[in-house]
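Beneath this line is the structure, given in structure tokens, with notes to follow.
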Amino acid sequence: MFKLLFSHNTPLYKGFTTSTTIYTITNVALVGGGSYPQPGEISMSHNGVLFLDELPEFKREVLEVMRQPLEDREVTISRAKFTVTYPSSFMLVASMNPSPSGYFNDPDAPVTSSPAEMQRYLSKVSGPLLDRIDIHIEVTPVPFDKLSDDRKGESSVDIRKRVTKARQIQTKRFEDSDKVHYNAQMNVKQIRKHCVLDENSKQLLKTAMERLNLSARAYDRILKVSRTIADLEGIAEVNGSHISEAIQYRSLDREGWLG
């Protein structure tokens, strides 16, 4: 099993960094603080990506301190004589095994985990934190035939062009706003304005909310993701297919995902 053994910040281009963080990190190192408050990893990753590998291996209290910065996009550290606010508008990317053994739901697995072990392992990642993560994707084992397949997928150059075009659409959409520049930053009022649904789409989302017992925060995040999916396709209005795809990206919200 691969483990990250280092923590570093690497500039991708001017104003954008990627930070990879080990799971032995402390609250102060992640969020910032100290007698003379210094920025933590989430501020070092401002306008960039913070990657947390093996998410359940982090201490739960360390993960929980990210909840508010993920919402506010800044972190405030208070001391007796002064208060310091650091920016923390970062993209959180995290990975995790589905079980301690890594063989969840695999009938041919050499090692299995008991329900109690599964619960201890996954309980470190709280529901409120998952609620603040827009996209959850389950990656199944890749069979040998696909690993050895010579067919090439879509090139990174083509994907970049599509993403760049979608970002241009969003830049134009929010050109009159000083604080909002892309879909993820939309507030409730902007979501209602730019994510107008027809009756079929509303019913689809209502059914998903009821069956999956989704929160109001998840509702807004589904709409933001569906808006971005529509932008990637170059479609002006959000429709049922965009809502369906966005719902599929909430896999950890599904009832019974523990098996």
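Letters A, B, ... go to the chains of the structure tokens in the order shown; residues in each chain start at 1; ligands are counted from 1 in the same order.
The protein and nucleic acid residues lying at most 8 Å from stretch 54-66 of chain A are A:Lys3, A:Tyr23, A:Thr24, A:Ile25, A:Thr26, A:Asn27, A:Leu30, A:Val31, A:Pro69, A:Leu70, A:Ala94, A:Ser95, A:Met96, A:Asn97, A:Tyr121, A:Leu122, A:Ser123, A:Lys124, A:Val125, A:Ser126, A:Leu129, with only C-alpha atoms considered and sequence neighbours fewer than 3 positions away removed.
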File of the preceding selection, C-alpha atoms, as a PDB file, in the first residue's frame:
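Final output, saved to part18.pdb:
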```pdb
ATOM      1  CA  LYS A   3       1.979   5.902   1.749  1.00  0.00           C
ATOM      2  CA  TYR A  23      -1.354  12.047   7.788  1.00  0.00           C
ATOM      3  CA  THR A  24       0.786  12.697  10.884  1.00  0.00           C
ATOM      4  CA  ILE A  25       0.187  16.434  10.488  1.00  0.00           C
ATOM      5  CA  THR A  26      -1.140  18.428  13.476  1.00  0.00           C
ATOM      6  CA  ASN A  27      -4.050  20.863  13.635  1.00  0.00           C
ATOM      7  CA  LEU A  30      -2.714  22.162   8.729  1.00  0.00           C
ATOM      8  CA  VAL A  31      -4.748  25.251   9.626  1.00  0.00           C
ATOM      9  CA  PRO A  69     -12.174  27.035   6.025  1.00  0.00           C
ATOM     10  CA  LEU A  70     -13.772  24.956   3.263  1.00  0.00           C
ATOM     11  CA  ALA A  94      -8.466  13.239  -0.949  1.00  0.00           C
ATOM     12  CA  SER A  95      -8.087   9.512  -1.499  1.00  0.00           C
ATOM     13  CA  MET A  96      -8.879   6.544   0.704  1.00  0.00           C
ATOM     14  CA  ASN A  97      -9.113   2.783   0.632  1.00  0.00           C
ATOM     15  CA  TYR A 121     -11.718   2.956   9.958  1.00  0.00           C
ATOM     16  CA  LEU A 122     -14.407   5.065   8.304  1.00  0.00           C
ATOM     17  CA  SER A 123     -15.664   6.879  11.407  1.00  0.00           C
ATOM     18  CA  LYS A 124     -12.662   9.204  11.233  1.00  0.00           C
ATOM     19  CA  VAL A 125     -14.260  10.850   8.197  1.00  0.00           C
ATOM     20  CA  SER A 126     -17.365  12.619   9.467  1.00  0.00           C
ATOM     21  CA  LEU A 129     -16.854  16.865   6.193  1.00  0.00           C
TER      22      LEU A 129
END
```
Practice item. Could you give me the residues within stretch 13-259 of chain A that DSSP places in helix (DSSP H, G or I), as a PyMOL selection string? Key: chain A and resi 27-31+41-44+55-57+60-64+67-72+115-122+127-131+144-147+156-173+183-185+188-194+199-212+216-233+240-248+251-253
Write the selection just made, keeping C-alpha atoms, as a compact mmCIF listing (two decimals), in the first residue's frame?
```txt
# COMPACT_ATOMS: atom_id res chain seq x y z
CA ASN A 27 -4.05 20.86 13.64
CA VAL A 28 -1.70 23.85 13.79
CA ALA A 29 0.41 22.66 10.86
CA LEU A 30 -2.71 22.16 8.73
CA VAL A 31 -4.75 25.25 9.63
CA GLU A 41 -0.95 23.98 4.73
CA ILE A 42 -4.46 25.11 3.74
CA SER A 43 -3.23 28.70 3.34
CA MET A 44 -0.05 27.57 1.62
CA LEU A 55 -7.87 10.21 4.41
CA PRO A 56 -9.05 7.93 7.29
CA GLU A 57 -5.46 7.70 8.53
CA ARG A 60 -10.40 13.00 13.09
CA GLU A 61 -9.85 16.25 15.00
CA VAL A 62 -7.34 17.34 12.34
CA LEU A 63 -9.84 16.72 9.54
CA GLU A 64 -12.64 18.49 11.41
CA ARG A 67 -14.78 22.28 7.80
CA GLN A 68 -15.08 26.03 8.31
CA PRO A 69 -12.17 27.04 6.03
CA LEU A 70 -13.77 24.96 3.26
CA GLU A 71 -16.93 27.03 3.66
CA ASP A 72 -15.44 30.50 4.26
CA PRO A 115 -17.83 -4.69 10.29
CA ALA A 116 -16.31 -3.33 13.52
CA GLU A 117 -12.97 -2.69 11.80
CA MET A 118 -14.77 -1.00 8.91
CA GLN A 119 -16.68 1.26 11.29
CA ARG A 120 -13.55 2.29 13.20
CA TYR A 121 -11.72 2.96 9.96
CA LEU A 122 -14.41 5.06 8.30
CA GLY A 127 -20.60 13.20 7.58
CA PRO A 128 -20.29 17.01 7.82
CA LEU A 129 -16.85 16.87 6.19
CA LEU A 130 -18.09 14.59 3.40
CA ASP A 131 -21.00 16.99 2.96
CA PHE A 144 -5.73 -6.92 -16.66
CA ASP A 145 -7.39 -6.67 -20.08
CA LYS A 146 -7.91 -2.94 -19.62
CA LEU A 147 -4.48 -2.40 -18.12
CA SER A 156 -4.94 15.86 -21.69
CA VAL A 157 -4.66 18.58 -24.34
CA ASP A 158 -8.25 18.01 -25.45
CA ILE A 159 -9.50 17.89 -21.84
CA ARG A 160 -7.66 21.13 -21.08
CA LYS A 161 -9.33 22.86 -24.02
CA ARG A 162 -12.77 21.80 -22.81
CA VAL A 163 -12.07 22.89 -19.24
CA THR A 164 -10.62 26.22 -20.39
CA LYS A 165 -13.74 26.87 -22.47
CA ALA A 166 -15.98 26.08 -19.47
CA ARG A 167 -13.96 28.45 -17.26
CA GLN A 168 -14.34 31.19 -19.87
CA ILE A 169 -18.11 30.67 -19.78
CA GLN A 170 -18.06 31.03 -15.99
CA THR A 171 -15.82 34.10 -16.10
CA LYS A 172 -18.30 35.80 -18.42
CA ARG A 173 -21.25 34.67 -16.25
CA ASN A 183 -19.44 28.07 -10.13
CA ALA A 184 -18.05 26.67 -6.88
CA GLN A 185 -18.13 30.17 -5.35
CA VAL A 188 -27.64 30.61 -2.73
CA LYS A 189 -29.06 33.56 -4.67
CA GLN A 190 -26.73 32.94 -7.60
CA ILE A 191 -27.48 29.21 -7.56
CA ARG A 192 -31.19 29.95 -7.90
CA LYS A 193 -30.45 32.35 -10.78
CA HIS A 194 -28.04 30.22 -12.80
CA GLU A 199 -40.21 20.14 -13.60
CA ASN A 200 -38.67 16.78 -14.53
CA SER A 201 -35.27 17.83 -13.20
CA LYS A 202 -36.84 19.12 -10.00
CA GLN A 203 -38.64 15.82 -9.47
CA LEU A 204 -35.44 13.87 -10.12
CA LEU A 205 -33.54 15.93 -7.56
CA LYS A 206 -36.40 15.70 -5.06
CA THR A 207 -36.42 11.89 -5.34
CA ALA A 208 -32.66 11.75 -4.80
CA MET A 209 -32.88 14.05 -1.78
CA GLU A 210 -35.53 11.87 -0.17
CA ARG A 211 -34.01 8.47 -0.96
CA LEU A 212 -30.44 9.41 -0.07
CA ALA A 216 -29.41 21.24 2.17
CA ARG A 217 -25.67 21.70 1.66
CA ALA A 218 -25.55 18.62 -0.60
CA TYR A 219 -28.54 20.00 -2.53
CA ASP A 220 -26.68 23.21 -3.34
CA ARG A 221 -23.51 21.33 -4.23
CA ILE A 222 -25.37 19.05 -6.64
CA LEU A 223 -26.72 22.13 -8.40
CA LYS A 224 -23.25 23.68 -8.63
CA VAL A 225 -21.76 20.50 -10.07
CA SER A 226 -24.63 20.10 -12.55
CA ARG A 227 -24.09 23.71 -13.67
CA THR A 228 -20.42 22.92 -14.32
CA ILE A 229 -21.30 19.72 -16.22
CA ALA A 230 -23.59 21.81 -18.45
CA ASP A 231 -20.78 24.35 -18.99
CA LEU A 232 -18.39 21.55 -20.02
CA GLU A 233 -20.95 20.50 -22.63
CA GLY A 240 -32.05 16.19 -16.11
CA SER A 241 -28.93 14.46 -17.47
CA HIS A 242 -26.71 17.00 -15.73
CA ILE A 243 -28.60 16.55 -12.45
CA SER A 244 -28.37 12.74 -12.76
CA GLU A 245 -24.62 12.85 -13.31
CA ALA A 246 -24.10 15.23 -10.39
CA ILE A 247 -26.14 12.92 -8.12
CA GLN A 248 -23.93 9.98 -9.14
CA SER A 251 -21.66 8.05 -3.89
CA LEU A 252 -20.73 8.26 -0.20
CA ASP A 253 -24.16 9.71 0.56
```
Review point. Can you list, as a PyMOL selection string, every residue of stretch 56-233 of chain A that DSSP puts in strand (DSSP E)?
Key: chain A and resi 74-78+83-87+91-94
Residues just named, written with all heavy atoms as an mmCIF file, in the first residue's frame:
```cif
data_model
loop_
_atom_site.group_PDB
_atom_site.id
_atom_site.type_symbol
_atom_site.label_atom_id
_atom_site.label_comp_id
_atom_site.auth_asym_id
_atom_site.auth_seq_id
_atom_site.Cartn_x
_atom_site.Cartn_y
_atom_site.Cartn_z
ATOM 1 N N GLU A 74 -11.320 31.105 4.049
ATOM 2 C CA GLU A 74 -10.316 31.812 4.817
ATOM 3 C C GLU A 74 -10.302 31.233 6.224
ATOM 4 O O GLU A 74 -11.257 30.588 6.647
ATOM 5 C CB GLU A 74 -10.597 33.321 4.867
ATOM 6 C CG GLU A 74 -11.894 33.698 5.548
ATOM 7 C CD GLU A 74 -12.151 35.196 5.539
ATOM 8 O OE1 GLU A 74 -11.590 35.889 4.666
ATOM 9 O OE2 GLU A 74 -12.912 35.663 6.404
ATOM 10 N N VAL A 75 -9.201 31.443 6.923
ATOM 11 C CA VAL A 75 -9.089 30.931 8.286
ATOM 12 C C VAL A 75 -8.643 32.060 9.196
ATOM 13 O O VAL A 75 -7.733 32.827 8.867
ATOM 14 C CB VAL A 75 -8.094 29.741 8.352
ATOM 15 C CG1 VAL A 75 -6.719 30.120 7.846
ATOM 16 C CG2 VAL A 75 -8.013 29.189 9.769
ATOM 17 N N THR A 76 -9.330 32.196 10.332
ATOM 18 C CA THR A 76 -9.029 33.265 11.285
ATOM 19 C C THR A 76 -8.445 32.671 12.560
ATOM 20 O O THR A 76 -9.013 31.743 13.139
ATOM 21 C CB THR A 76 -10.295 34.066 11.624
ATOM 22 O OG1 THR A 76 -10.822 34.651 10.430
ATOM 23 C CG2 THR A 76 -9.985 35.165 12.630
ATOM 24 N N ILE A 77 -7.305 33.194 12.978
ATOM 25 C CA ILE A 77 -6.611 32.727 14.179
ATOM 26 C C ILE A 77 -6.621 33.867 15.191
ATOM 27 O O ILE A 77 -6.115 34.963 14.912
ATOM 28 C CB ILE A 77 -5.168 32.306 13.862
ATOM 29 C CG1 ILE A 77 -5.160 31.210 12.782
ATOM 30 C CG2 ILE A 77 -4.459 31.812 15.118
ATOM 31 C CD1 ILE A 77 -3.790 30.928 12.211
ATOM 32 N N SER A 78 -7.220 33.641 16.343
ATOM 33 C CA SER A 78 -7.362 34.684 17.355
ATOM 34 C C SER A 78 -6.386 34.469 18.504
ATOM 35 O O SER A 78 -6.214 33.347 18.986
ATOM 36 C CB SER A 78 -8.791 34.721 17.898
ATOM 37 O OG SER A 78 -9.707 35.034 16.869
ATOM 38 N N THR A 83 -5.827 39.417 16.065
ATOM 39 C CA THR A 83 -6.463 38.378 15.252
ATOM 40 C C THR A 83 -5.874 38.428 13.843
ATOM 41 O O THR A 83 -5.707 39.517 13.273
ATOM 42 C CB THR A 83 -7.988 38.584 15.178
ATOM 43 O OG1 THR A 83 -8.539 38.482 16.498
ATOM 44 C CG2 THR A 83 -8.635 37.538 14.294
ATOM 45 N N VAL A 84 -5.545 37.264 13.316
ATOM 46 C CA VAL A 84 -4.954 37.178 11.976
ATOM 47 C C VAL A 84 -5.864 36.342 11.093
ATOM 48 O O VAL A 84 -6.352 35.289 11.511
ATOM 49 C CB VAL A 84 -3.545 36.545 12.019
ATOM 50 C CG1 VAL A 84 -2.962 36.441 10.618
ATOM 51 C CG2 VAL A 84 -2.627 37.347 12.921
ATOM 52 N N THR A 85 -6.102 36.804 9.877
ATOM 53 C CA THR A 85 -6.897 36.053 8.912
ATOM 54 C C THR A 85 -6.034 35.730 7.697
ATOM 55 O O THR A 85 -5.427 36.627 7.096
ATOM 56 C CB THR A 85 -8.139 36.854 8.456
ATOM 57 O OG1 THR A 85 -8.971 37.101 9.591
ATOM 58 C CG2 THR A 85 -8.932 36.076 7.420
ATOM 59 N N TYR A 86 -5.957 34.447 7.373
ATOM 60 C CA TYR A 86 -5.211 33.995 6.211
ATOM 61 C C TYR A 86 -6.181 33.454 5.162
ATOM 62 O O TYR A 86 -7.195 32.850 5.500
ATOM 63 C CB TYR A 86 -4.225 32.882 6.588
ATOM 64 C CG TYR A 86 -3.070 33.327 7.456
ATOM 65 C CD1 TYR A 86 -2.941 32.848 8.753
ATOM 66 C CD2 TYR A 86 -2.118 34.204 6.975
ATOM 67 C CE1 TYR A 86 -1.879 33.242 9.560
ATOM 68 C CE2 TYR A 86 -1.055 34.610 7.768
ATOM 69 C CZ TYR A 86 -0.940 34.126 9.060
ATOM 70 O OH TYR A 86 0.109 34.523 9.847
ATOM 71 N N PRO A 87 -5.897 33.653 3.876
ATOM 72 C CA PRO A 87 -6.772 33.098 2.838
ATOM 73 C C PRO A 87 -6.609 31.586 2.748
ATOM 74 O O PRO A 87 -5.534 31.045 3.035
ATOM 75 C CB PRO A 87 -6.259 33.780 1.560
ATOM 76 C CG PRO A 87 -4.816 34.058 1.845
ATOM 77 C CD PRO A 87 -4.751 34.392 3.316
ATOM 78 N N MET A 91 -8.521 23.828 -3.416
ATOM 79 C CA MET A 91 -9.276 22.662 -3.853
ATOM 80 C C MET A 91 -8.798 21.451 -3.060
ATOM 81 O O MET A 91 -7.624 21.092 -3.115
ATOM 82 C CB MET A 91 -9.083 22.407 -5.350
ATOM 83 C CG MET A 91 -9.822 21.176 -5.861
ATOM 84 S SD MET A 91 -9.466 20.787 -7.583
ATOM 85 C CE MET A 91 -10.244 22.170 -8.395
ATOM 86 N N LEU A 92 -9.695 20.856 -2.294
ATOM 87 C CA LEU A 92 -9.342 19.679 -1.510
ATOM 88 C C LEU A 92 -9.533 18.422 -2.353
ATOM 89 O O LEU A 92 -10.608 18.170 -2.887
ATOM 90 C CB LEU A 92 -10.224 19.594 -0.259
ATOM 91 C CG LEU A 92 -10.056 18.319 0.578
ATOM 92 C CD1 LEU A 92 -8.645 18.231 1.155
ATOM 93 C CD2 LEU A 92 -11.092 18.253 1.696
ATOM 94 N N VAL A 93 -8.465 17.644 -2.473
ATOM 95 C CA VAL A 93 -8.513 16.352 -3.148
ATOM 96 C C VAL A 93 -8.040 15.308 -2.147
ATOM 97 O O VAL A 93 -6.984 15.478 -1.527
ATOM 98 C CB VAL A 93 -7.609 16.322 -4.401
ATOM 99 C CG1 VAL A 93 -7.654 14.951 -5.065
ATOM 100 C CG2 VAL A 93 -8.030 17.406 -5.386
ATOM 101 N N ALA A 94 -8.819 14.261 -1.935
ATOM 102 C CA ALA A 94 -8.466 13.239 -0.949
ATOM 103 C C ALA A 94 -8.691 11.856 -1.535
ATOM 104 O O ALA A 94 -9.550 11.665 -2.402
ATOM 105 C CB ALA A 94 -9.297 13.408 0.322
#
```
Can you tell me which residues surround A:Arg79 at a distance of at most 10 Å, considering only C-alpha atoms, apart from same-chain residues fewer than 4 positions away, and format the answer as a JSON list (two decimals) with N, CA, C and O atoms, in the first residue's frame?
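Final output, out.json:
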```
[["chain", "number", "residue", "atom", "x", "y", "z"],
["A", 33, "GLY", "N", -1.34, 28.64, 13.06],
["A", 33, "GLY", "CA", -1.41, 28.98, 14.47],
["A", 33, "GLY", "C", -0.04, 29.14, 15.08],
["A", 33, "GLY", "O", 0.93, 29.46, 14.39],
["A", 34, "GLY", "N", 0.04, 28.91, 16.38],
["A", 34, "GLY", "CA", 1.28, 29.11, 17.10],
["A", 34, "GLY", "C", 1.23, 30.39, 17.91],
["A", 34, "GLY", "O", 0.28, 31.17, 17.82],
["A", 35, "SER", "N", 2.24, 30.61, 18.75],
["A", 35, "SER", "CA", 2.30, 31.81, 19.58],
["A", 35, "SER", "C", 2.28, 33.06, 18.71],
["A", 35, "SER", "O", 1.60, 34.05, 19.01],
["A", 36, "TYR", "N", 3.03, 33.03, 17.62],
["A", 36, "TYR", "CA", 2.98, 34.07, 16.60],
["A", 36, "TYR", "C", 2.41, 33.41, 15.34],
["A", 36, "TYR", "O", 3.15, 32.77, 14.59],
["A", 37, "PRO", "N", 1.09, 33.52, 15.14],
["A", 37, "PRO", "CA", 0.39, 32.71, 14.13],
["A", 37, "PRO", "C", 1.03, 32.73, 12.75],
["A", 37, "PRO", "O", 1.30, 33.79, 12.18],
["A", 83, "THR", "N", -5.83, 39.42, 16.06],
["A", 83, "THR", "CA", -6.46, 38.38, 15.25],
["A", 83, "THR", "C", -5.87, 38.43, 13.84],
["A", 83, "THR", "O", -5.71, 39.52, 13.27],
["A", 84, "VAL", "N", -5.54, 37.26, 13.32],
["A", 84, "VAL", "CA", -4.95, 37.18, 11.98],
["A", 84, "VAL", "C", -5.86, 36.34, 11.09],
["A", 84, "VAL", "O", -6.35, 35.29, 11.51]]
```
Review point. When you draw a straight line from atom CA of A:Tyr182 to atom CA of A:Ser155, how long is it in Å?
Key: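 According to the coordinates, atom CA of A:Tyr182 and atom CA of A:Ser155 are separated by 24.3 Å.
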